$ cat final-v6.csv   # CSV, C-alpha atoms
chain,number,residue,atom,x,y,z
E,1,MET,CA,98.0,116.4,120.9
E,2,ARG,CA,96.9,117.2,117.4
E,3,ILE,CA,99.2,118.9,114.9
E,4,PRO,CA,97.0,120.8,112.5
E,5,PRO,CA,97.0,119.8,108.8
E,6,ILE,CA,99.6,121.6,106.7
E,7,HIS,CA,98.3,123.8,103.8
E,8,ILE,CA,100.5,124.5,100.8
E,9,GLU,CA,99.3,127.1,98.5
E,10,TYR,CA,100.7,129.5,95.9
E,11,PRO,CA,101.3,133.1,96.7
E,12,ASP,CA,98.5,135.4,95.4
E,13,TRP,CA,100.5,136.7,92.4
E,14,VAL,CA,100.4,133.3,90.7
E,15,GLU,CA,96.7,133.7,89.8
E,16,SER,CA,97.3,137.0,87.9
E,17,THR,CA,100.8,136.3,86.5
E,18,VAL,CA,100.8,132.8,85.1
E,19,ASP,CA,99.3,132.1,81.7
E,20,TRP,CA,97.8,128.7,82.1
E,21,ASP,CA,96.4,128.5,78.6
E,22,ARG,CA,99.6,129.2,76.7
E,23,ARG,CA,101.6,126.3,75.2
E,24,TYR,CA,105.3,126.1,76.1
E,25,THR,CA,107.0,124.1,73.3
E,26,THR,CA,110.6,125.1,73.1
E,27,ASP,CA,113.2,124.5,75.9
E,28,GLU,CA,113.7,128.3,76.0
E,29,GLU,CA,110.0,129.0,76.5
E,30,LYS,CA,109.8,126.4,79.3
E,31,MET,CA,112.8,127.8,81.0
E,32,ARG,CA,111.7,131.4,80.7
E,33,LEU,CA,108.6,130.5,82.5
E,34,ALA,CA,110.6,129.0,85.4
E,35,ILE,CA,112.9,132.1,85.4
E,36,ASP,CA,109.9,134.4,85.4
E,37,LEU,CA,108.5,132.6,88.4
E,38,SER,CA,111.9,132.9,90.2
E,39,ARG,CA,112.1,136.6,89.5
E,40,GLU,CA,108.5,137.2,90.5
E,41,ASN,CA,109.1,135.4,93.8
E,42,VAL,CA,112.0,137.8,94.6
E,43,VAL,CA,110.2,141.0,93.4
E,44,ARG,CA,107.0,140.1,95.4
E,45,GLY,CA,109.0,139.1,98.4
E,46,THR,CA,107.5,135.7,98.7
E,47,GLY,CA,110.6,133.5,98.8
E,48,GLY,CA,114.0,132.6,97.5
E,49,PRO,CA,115.1,133.1,93.8
E,50,PHE,CA,114.0,129.7,92.5
E,51,GLY,CA,111.1,128.8,90.1
E,52,ALA,CA,110.0,125.7,88.4
E,53,ALA,CA,107.3,124.4,86.0
E,54,ILE,CA,106.0,121.0,85.0
E,55,ILE,CA,105.0,120.8,81.3
E,56,GLU,CA,103.5,118.0,79.2
E,57,GLN,CA,105.9,117.0,76.5
E,58,GLY,CA,104.5,117.3,73.0
E,59,THR,CA,101.5,119.5,73.7
E,60,GLY,CA,103.5,122.0,75.8
E,61,ALA,CA,100.5,122.2,78.2
E,62,LEU,CA,101.4,123.7,81.6
E,63,VAL,CA,100.5,121.3,84.4
E,64,ALA,CA,101.9,123.1,87.5
E,65,VAL,CA,104.3,125.8,88.6
E,66,GLY,CA,106.4,126.0,91.7
E,67,MET,CA,108.4,128.7,93.6
E,68,ASN,CA,110.6,128.5,96.6
E,69,SER,CA,108.3,128.8,99.6
E,70,VAL,CA,110.6,127.8,102.5
E,71,VAL,CA,110.4,131.0,104.5
E,72,ARG,CA,106.8,131.9,103.5
E,73,LEU,CA,105.4,128.6,104.7
E,74,ASN,CA,108.0,127.7,107.4
E,75,ASN,CA,108.8,124.5,105.6
E,76,CYS,CA,112.3,123.5,104.6
E,77,THR,CA,111.1,121.0,102.0
E,78,LEU,CA,109.3,123.6,99.8
E,79,HIS,CA,111.9,124.3,97.2
E,80,GLY,CA,110.5,125.4,93.8
E,81,GLU,CA,110.8,122.0,92.3
E,82,MET,CA,109.1,120.3,95.3
E,83,VAL,CA,106.1,122.7,95.1
E,84,ALA,CA,105.8,122.0,91.4
E,85,PHE,CA,105.9,118.2,91.9
E,86,MET,CA,103.3,118.4,94.7
E,87,MET,CA,100.9,120.7,92.8
E,88,ALA,CA,101.3,118.6,89.6
E,89,GLN,CA,100.5,115.4,91.3
E,90,SER,CA,97.6,116.9,93.2
E,91,ARG,CA,96.2,118.1,89.9
E,92,LEU,CA,96.8,114.7,88.2
E,93,ARG,CA,95.6,112.8,91.2
E,94,CYS,CA,98.5,110.4,91.0
E,95,PHE,CA,101.8,110.0,92.9
E,96,THR,CA,103.8,109.5,89.8
E,97,MET,CA,103.9,111.3,86.4
E,98,ARG,CA,105.3,108.2,84.7
E,99,SER,CA,103.0,105.7,83.0
E,100,ASP,CA,103.2,103.2,80.2
E,101,ASP,CA,100.6,104.8,78.0
E,102,GLY,CA,100.1,108.3,79.3
E,103,PRO,CA,101.7,111.7,78.6
E,104,VAL,CA,105.4,112.4,79.3
E,105,TYR,CA,106.2,115.2,81.6
E,106,GLU,CA,109.2,117.6,81.9
E,107,LEU,CA,110.5,119.7,84.7
E,108,ALA,CA,112.0,123.1,84.0
E,109,THR,CA,113.9,124.6,87.0
E,110,SER,CA,115.6,127.9,87.2
E,111,CYS,CA,118.6,126.4,89.0
E,112,GLU,CA,120.1,122.9,89.1
E,113,PRO,CA,118.2,120.8,91.7
E,114,CYS,CA,119.7,120.3,95.2
E,115,ALA,CA,120.1,116.8,96.6
E,116,MET,CA,116.5,116.7,98.0
E,117,CYS,CA,115.0,117.9,94.7
E,118,LEU,CA,117.1,115.6,92.6
E,119,GLY,CA,115.9,112.7,94.7
E,120,ALA,CA,112.3,113.9,94.4
E,121,THR,CA,112.8,114.2,90.6
E,122,LEU,CA,113.4,110.5,90.4
E,123,TRP,CA,110.2,109.8,92.5
E,124,SER,CA,108.1,112.4,90.6
E,125,GLY,CA,108.1,110.4,87.4
E,126,VAL,CA,109.2,113.3,85.1
E,127,SER,CA,111.2,112.1,82.1
E,128,ARG,CA,113.2,115.2,81.3
E,129,VAL,CA,114.8,118.0,83.4
E,130,LEU,CA,115.8,121.5,82.1
E,131,CYS,CA,118.2,123.4,84.3
E,132,GLY,CA,118.9,127.1,84.1
E,133,ALA,CA,121.5,128.4,86.5
E,134,HIS,CA,124.4,126.2,87.6
E,135,ARG,CA,124.8,125.0,91.2
E,136,ASP,CA,128.0,127.1,91.4
E,137,ASP,CA,125.8,130.2,90.6
E,138,ALA,CA,123.7,129.4,93.7
E,139,ARG,CA,126.8,128.6,95.7
E,140,ARG,CA,128.1,132.1,95.1
E,141,LEU,CA,125.0,133.3,97.1
E,142,ASN,CA,125.9,130.8,99.9
E,143,PHE,CA,122.9,128.6,98.9
E,144,ASP,CA,124.2,125.1,99.6
E,145,GLU,CA,123.1,122.4,97.1
E,146,GLY,CA,123.7,119.4,99.4
E,147,PRO,CA,125.3,116.0,98.5
E,148,VAL,CA,125.0,116.1,94.7
E,149,PHE,CA,127.8,114.5,92.8
E,150,PRO,CA,128.4,113.7,89.1
E,151,GLU,CA,127.2,110.2,89.7
E,152,SER,CA,123.9,111.5,91.2
E,153,HIS,CA,123.0,112.9,87.7
E,154,ALA,CA,124.2,109.7,86.1
E,155,TYR,CA,122.0,107.7,88.5
E,156,LEU,CA,118.9,109.5,87.2
E,157,GLU,CA,120.0,109.3,83.5
E,158,ALA,CA,120.5,105.5,83.9
E,159,ARG,CA,116.8,105.4,84.9
E,160,GLY,CA,115.7,107.2,81.7
E,161,ILE,CA,115.7,110.8,82.9
E,162,GLU,CA,117.3,113.2,80.5
E,163,ILE,CA,119.0,116.2,82.2
E,164,VAL,CA,119.8,119.3,80.2
E,165,HIS,CA,122.0,121.9,81.8
E,166,GLY,CA,122.5,125.6,81.3
E,167,VAL,CA,119.3,126.6,79.4
E,168,LEU,CA,119.2,130.4,79.5
E,169,ARG,CA,121.8,130.2,82.3
E,170,GLU,CA,122.6,133.9,82.1
E,171,GLU,CA,119.0,135.0,82.5
E,172,ALA,CA,118.5,132.5,85.4
E,173,ASN,CA,121.6,133.7,87.1
E,174,ALA,CA,120.5,137.3,86.8
E,175,VAL,CA,117.7,136.6,89.2
E,176,LEU,CA,120.1,135.1,91.7
E,177,GLU,CA,122.1,138.3,91.5
E,178,LEU,CA,119.0,140.4,91.9
E,179,TYR,CA,118.2,138.4,95.1
E,180,ARG,CA,121.7,139.0,96.3
E,181,ALA,CA,121.5,142.7,95.5
E,182,SER,CA,118.1,142.9,97.4
E,183,LYS,CA,119.8,141.2,100.4
E,184,GLY,CA,117.3,138.3,100.4
E,185,ILE,CA,117.4,135.8,103.2
E,186,ILE,CA,120.0,133.0,102.6
E,187,TYR,CA,118.5,130.3,104.8
E,188,ASN,CA,120.3,127.1,105.8
E,189,ARG,CA,123.7,128.7,104.9
B,1,MET,CA,93.2,128.2,86.5
B,2,ARG,CA,93.6,127.6,90.2
B,3,ILE,CA,95.2,124.5,91.7
B,4,PRO,CA,93.6,124.0,95.1
B,5,PRO,CA,95.8,124.1,98.2
B,6,ILE,CA,97.4,120.9,99.2
B,7,HIS,CA,96.5,119.5,102.6
B,8,ILE,CA,98.8,117.2,104.4
B,9,GLU,CA,97.4,115.5,107.5
B,10,TYR,CA,98.1,112.4,109.5
B,11,PRO,CA,95.9,109.3,109.1
B,12,ASP,CA,93.3,109.0,111.8
B,13,TRP,CA,95.1,106.3,113.8
B,14,VAL,CA,97.9,108.8,114.9
B,15,GLU,CA,95.5,110.5,117.3
B,16,SER,CA,94.7,107.3,119.2
B,17,THR,CA,98.1,105.6,118.9
B,18,VAL,CA,100.9,108.0,119.6
B,19,ASP,CA,101.7,108.9,123.2
B,20,TRP,CA,102.6,112.6,122.9
B,21,ASP,CA,103.3,113.0,126.6
B,22,ARG,CA,105.9,110.2,126.9
B,23,ARG,CA,109.6,111.0,127.0
B,24,TYR,CA,111.8,109.1,124.5
B,25,THR,CA,115.3,109.2,126.0
B,26,THR,CA,117.3,106.3,124.7
B,27,ASP,CA,118.1,105.6,121.1
B,28,GLU,CA,116.1,102.4,121.3
B,29,GLU,CA,113.0,104.2,122.6
B,30,LYS,CA,113.2,106.7,119.8
B,31,MET,CA,113.7,104.0,117.2
B,32,ARG,CA,110.9,101.8,118.6
B,33,LEU,CA,108.5,104.7,118.1
B,34,ALA,CA,109.6,105.1,114.5
B,35,ILE,CA,109.2,101.4,113.9
B,36,ASP,CA,105.8,101.3,115.6
B,37,LEU,CA,104.7,104.0,113.2
B,38,SER,CA,106.0,102.1,110.2
B,39,ARG,CA,104.1,98.9,111.4
B,40,GLU,CA,100.9,100.8,112.1
B,41,ASN,CA,101.0,102.4,108.7
B,42,VAL,CA,101.2,98.9,107.1
B,43,VAL,CA,98.6,97.3,109.4
B,44,ARG,CA,96.1,100.1,108.9
B,45,GLY,CA,96.7,100.2,105.2
B,46,THR,CA,97.6,103.9,105.1
B,47,GLY,CA,101.0,103.7,103.3
B,48,GLY,CA,104.4,102.2,102.8
B,49,PRO,CA,106.4,100.5,105.7
B,50,PHE,CA,108.3,103.6,106.8
B,51,GLY,CA,107.9,105.7,110.0
B,52,ALA,CA,109.8,108.6,111.6
B,53,ALA,CA,109.9,110.8,114.6
B,54,ILE,CA,111.5,114.1,115.6
B,55,ILE,CA,112.6,114.3,119.2
B,56,GLU,CA,114.1,117.0,121.3
B,57,GLN,CA,117.5,116.0,122.6
B,58,GLY,CA,117.9,116.0,126.3
B,59,THR,CA,114.2,116.2,127.3
B,60,GLY,CA,113.2,113.4,125.0
B,61,ALA,CA,110.0,115.4,124.2
B,62,LEU,CA,108.2,114.3,121.0
B,63,VAL,CA,107.9,117.1,118.5
B,64,ALA,CA,106.3,115.3,115.5
B,65,VAL,CA,105.9,111.9,113.9
B,66,GLY,CA,105.8,111.0,110.2
B,67,MET,CA,104.7,108.0,108.1
B,68,ASN,CA,105.0,107.3,104.4
B,69,SER,CA,101.9,109.0,102.8
B,70,VAL,CA,102.8,108.8,99.1
B,71,VAL,CA,99.9,106.7,97.9
B,72,ARG,CA,97.4,108.0,100.5
B,73,LEU,CA,97.9,111.6,99.5
B,74,ASN,CA,99.0,111.2,95.9
B,75,ASN,CA,102.3,113.0,96.6
B,76,CYS,CA,105.7,111.4,95.8
B,77,THR,CA,107.5,113.7,98.3
B,78,LEU,CA,105.7,112.4,101.4
B,79,HIS,CA,108.1,109.8,102.7
B,80,GLY,CA,108.0,109.3,106.5
B,81,GLU,CA,110.9,111.6,107.2
B,82,MET,CA,109.5,114.4,105.0
B,83,VAL,CA,106.1,114.3,106.8
B,84,ALA,CA,108.0,114.4,110.1
B,85,PHE,CA,110.1,117.4,109.1
B,86,MET,CA,107.0,119.3,107.8
B,87,MET,CA,104.9,118.6,110.8
B,88,ALA,CA,107.7,119.5,113.2
B,89,GLN,CA,108.4,122.8,111.5
B,90,SER,CA,104.8,123.6,111.3
B,91,ARG,CA,104.5,123.1,115.0
B,92,LEU,CA,107.7,125.0,115.8
B,93,ARG,CA,106.7,127.7,113.3
B,94,CYS,CA,110.2,127.8,111.8
B,95,PHE,CA,111.8,126.5,108.6
B,96,THR,CA,114.8,125.1,110.5
B,97,MET,CA,115.3,123.2,113.7
B,98,ARG,CA,118.8,124.5,114.2
B,99,SER,CA,119.6,127.6,116.2
B,100,ASP,CA,122.5,128.9,118.2
B,101,ASP,CA,120.7,128.9,121.6
B,102,GLY,CA,117.6,126.7,121.2
B,103,PRO,CA,117.0,123.0,121.7
B,104,VAL,CA,118.8,120.3,119.5
B,105,TYR,CA,116.6,117.9,117.5
B,106,GLU,CA,117.0,114.4,116.4
B,107,LEU,CA,115.4,112.3,113.6
B,108,ALA,CA,114.6,108.7,114.2
B,109,THR,CA,113.7,106.9,111.0
B,110,SER,CA,112.8,103.2,110.6
B,111,CYS,CA,114.9,102.9,107.4
B,112,GLU,CA,117.9,104.8,106.1
B,113,PRO,CA,116.8,107.9,104.3
B,114,CYS,CA,116.6,108.0,100.5
B,115,ALA,CA,118.4,110.7,98.5
B,116,MET,CA,115.5,113.1,98.8
B,117,CYS,CA,115.1,112.6,102.6
B,118,LEU,CA,118.9,112.8,103.1
B,119,GLY,CA,118.9,116.2,101.4
B,120,ALA,CA,115.9,117.3,103.4
B,121,THR,CA,117.7,116.2,106.6
B,122,LEU,CA,120.4,118.7,105.9
B,123,TRP,CA,117.8,121.5,105.3
B,124,SER,CA,115.7,120.5,108.3
B,125,GLY,CA,118.2,121.5,110.9
B,126,VAL,CA,118.2,118.2,112.9
B,127,SER,CA,121.6,117.4,114.5
B,128,ARG,CA,121.4,113.7,114.8
B,129,VAL,CA,119.8,110.9,112.7
B,130,LEU,CA,119.0,107.4,114.0
B,131,CYS,CA,118.5,104.8,111.2
B,132,GLY,CA,116.8,101.4,111.7
B,133,ALA,CA,116.7,99.2,108.6
B,134,HIS,CA,119.6,99.3,106.1
B,135,ARG,CA,119.0,100.6,102.6
B,136,ASP,CA,119.7,97.0,101.3
B,137,ASP,CA,116.7,95.8,103.4
B,138,ALA,CA,114.5,98.3,101.5
B,139,ARG,CA,116.1,97.3,98.2
B,140,ARG,CA,115.1,93.7,98.8
B,141,LEU,CA,111.5,94.9,98.4
B,142,ASN,CA,112.5,96.8,95.3
B,143,PHE,CA,112.2,100.2,97.1
B,144,ASP,CA,114.9,102.3,95.4
B,145,GLU,CA,116.8,104.6,97.6
B,146,GLY,CA,118.0,106.9,94.8
B,147,PRO,CA,121.5,108.5,94.4
B,148,VAL,CA,122.9,108.0,97.9
B,149,PHE,CA,126.6,107.3,98.2
B,150,PRO,CA,129.0,106.9,101.1
B,151,GLU,CA,130.1,110.5,100.5
B,152,SER,CA,126.5,111.6,100.8
B,153,HIS,CA,126.5,110.6,104.5
B,154,ALA,CA,130.0,112.1,104.9
B,155,TYR,CA,128.7,115.4,103.5
B,156,LEU,CA,126.1,115.6,106.2
B,157,GLU,CA,128.6,114.5,108.9
B,158,ALA,CA,131.0,117.3,107.8
B,159,ARG,CA,128.2,119.7,108.5
B,160,GLY,CA,127.7,118.6,112.1
B,161,ILE,CA,125.0,115.9,111.6
B,162,GLU,CA,125.7,112.7,113.4
B,163,ILE,CA,124.3,109.6,111.7
B,164,VAL,CA,123.8,106.3,113.6
B,165,HIS,CA,123.1,103.2,111.6
B,166,GLY,CA,121.4,99.9,112.4
B,167,VAL,CA,119.5,100.9,115.6
B,168,LEU,CA,117.0,97.9,116.1
B,169,ARG,CA,117.6,96.9,112.5
B,170,GLU,CA,116.0,93.5,112.9
B,171,GLU,CA,112.8,95.0,114.3
B,172,ALA,CA,112.7,97.6,111.6
B,173,ASN,CA,113.3,95.1,108.9
B,174,ALA,CA,110.6,92.8,110.2
B,175,VAL,CA,108.1,95.5,109.2
B,176,LEU,CA,109.5,95.6,105.7
B,177,GLU,CA,109.0,91.9,105.5
B,178,LEU,CA,105.5,92.2,106.9
B,179,TYR,CA,104.8,94.7,104.1
B,180,ARG,CA,106.2,92.3,101.5
B,181,ALA,CA,104.1,89.4,102.9
B,182,SER,CA,101.0,91.6,102.7
B,183,LYS,CA,101.8,92.4,99.1
B,184,GLY,CA,101.9,96.2,99.7
B,185,ILE,CA,102.3,98.5,96.8
B,186,ILE,CA,105.9,99.1,95.7
B,187,TYR,CA,105.6,102.5,94.1
B,188,ASN,CA,108.3,104.0,91.9
B,189,ARG,CA,110.0,100.6,91.4

$ encode --input "final-v6.csv" --output "structure tokens"
Amino acid sequence: MRIPPIHIEYPDWVESTVDWDRRYTTDEEKMRLAIDLSRENVVRGTGGPFGAAIIEQGTGALVAVGMNSVVRLNNCTLHGEMVAFMMAQSRLRCFTMRSDDGPVYELATSCEPCAMCLGATLWSGVSRVLCGAHRDDARRLNFDEGPVFPESHAYLEARGIEIVHGVLREEANAVLELYRASKGIIYNR
Amino acid sequence: MRIPPIHIEYPDWVESTVDWDRRYTTDEEKMRLAIDLSRENVVRGTGGPFGAAIIEQGTGALVAVGMNSVVRLNNCTLHGEMVAFMMAQSRLRCFTMRSDDGPVYELATSCEPCAMCLGATLWSGVSRVLCGAHRDDARRLNFDEGPVFPESHAYLEARGIEIVHGVLREEANAVLELYRASKGIIYNR
């Protein structure tokens, strides 16, 4: 028996919506991109209200974006952060974004990472994480965040990953509320 | 800019090695399959010493297998369990393996899941997890398991997921030792 290869690709709107040449230098600019992706994913009906981006620190160059694709691609692992990690590493042709002499990379995510994405953040090699909405904001929609504890964040920080919480939280949360109002699917509730 | 789609496929040896028609009914049979996959991955040089399988409870039918594919596919998220979840859901055409009236699914993994895989286990919809090697066995090779705590397992168990530790632990650990002896890559150390 052969299981066919899995294909992971962006929804069509990414091509026409994302400005790949722009530089994202401030934390707010990086987060607004993640939030814009989360909103677009809801409005276009391509997934849950979560967006993410990987940006090169210093230059502000955009490496990859991600958006929740669980339902669209029938794959429970495809949270926004996971899609962003996969696409970034595919583009960089390397399984880690951490090196002794190369660029440093940041993740901007429209909502605090769930347990899976927090673990993947460690393996991804990013050095800094910007979070928009709080996990409690997601929980109000019955999106479970899984086994994440205060010591989970401390574990990453002890390994040199800076985590910044609540960047443009209100704007990020507004997309969660938009999703709730539009009666979007709450999978894995 | 377009990032090409990501393709996730098994290494060639899966086709000729895995017996898809066999029924895996005991915990030891399920675990031995996961361990065989982990060993084959080392011997064939296609990845880290970790294998996994998804099996339908009751019938013992094999749904999907997985093997660590991080280095092979330049993708930090592709631990053995993650590949197994993705392939199973691709085959079942559903983003969860849990339903009110459908079959119940189990994960057998040759080593206790890391933080990412434990989170994904919750989202996957499997109802039972069989673990071979202990996380300390992996740690002796400098494979980090990430932020996993006793309460992480309790979190899953509280949501109806049974976790069985130490199934054929010695056999599973022997593959880790084989990998160490063969000086395999310890990524993300």

$ closest_atom_pairs --input "final-v6.csv" --of "chain B" --to "chain E" --cutoff "6 Å" --atoms "only C-alpha atoms" --output "Markdown table"
| residue | atom | partner | partner_atom | distance |
| --- | --- | --- | --- | --- |
| B:Pro5 | CA | E:Glu9 | CA | 4.6 |
| B:Ile6 | CA | E:Ile8 | CA | 5.0 |
| B:His7 | CA | E:His7 | CA | 4.8 |
| B:Ile8 | CA | E:Ile6 | CA | 5.0 |
| B:Glu9 | CA | E:Pro5 | CA | 4.5 |
| B:Asn74 | CA | E:Phe95 | CA | 4.3 |
| B:Asn75 | CA | E:Phe95 | CA | 4.8 |
| B:Cys76 | CA | E:Phe95 | CA | 5.1 |
| B:Met86 | CA | E:Asn75 | CA | 5.9 |
| B:Cys94 | CA | E:Asn74 | CA | 4.9 |
| B:Phe95 | CA | E:Asn74 | CA | 4.2 |
| B:Ala115 | CA | E:Gly119 | CA | 5.0 |
| B:Met116 | CA | E:Met116 | CA | 3.8 |
| B:Gly119 | CA | E:Met116 | CA | 4.2 |
| B:Ala120 | CA | E:Met116 | CA | 5.5 |
| B:Trp123 | CA | E:Cys76 | CA | 5.9 |
| B:Ser124 | CA | E:Cys76 | CA | 5.9 |
| B:Pro147 | CA | E:Ser152 | CA | 5.0 |
| B:Ser152 | CA | E:Pro147 | CA | 5.1 |

$ atom_distance --input "final-v6.csv" --atom1 "atom CA of Thr46 of chain B" --atom2 "atom CA of Asn68 of chain B"
8.2 Å

$ residues_around --input "final-v6.csv" --residues "Leu141 of chain B" --least-positions-apart "6" --cutoff "8 Å" --atoms "all atoms listed in the file" --output "list in words"
Leu176, Arg180 and Ile186 of chain B

$ atom_distance --input "final-v6.csv" --atom1 "atom CA of Ile55 of chain B" --atom2 "atom CA of Glu81 of chain E"
28.0 Å

$ residues_around --input "final-v6.csv" --residues "Lys183 of chain E" --least-positions-apart "6" --cutoff "12 Å" --atoms "all atoms listed in the file" --output "VMD selection string"
chain E and resid 42 to 43 45 48 to 49 141 176 to 177

$ atom_distance --input "final-v6.csv" --atom1 "atom CA of Asp36 of chain B" --atom2 "atom CA of Cys111 of chain B"
12.4 Å

$ closest_residue --input "final-v6.csv" --among "E:Ala138, E:Leu168, E:Val126, E:Ala133" --to "Glu29 of chain E" --atoms "only C-alpha atoms"
E:Leu168
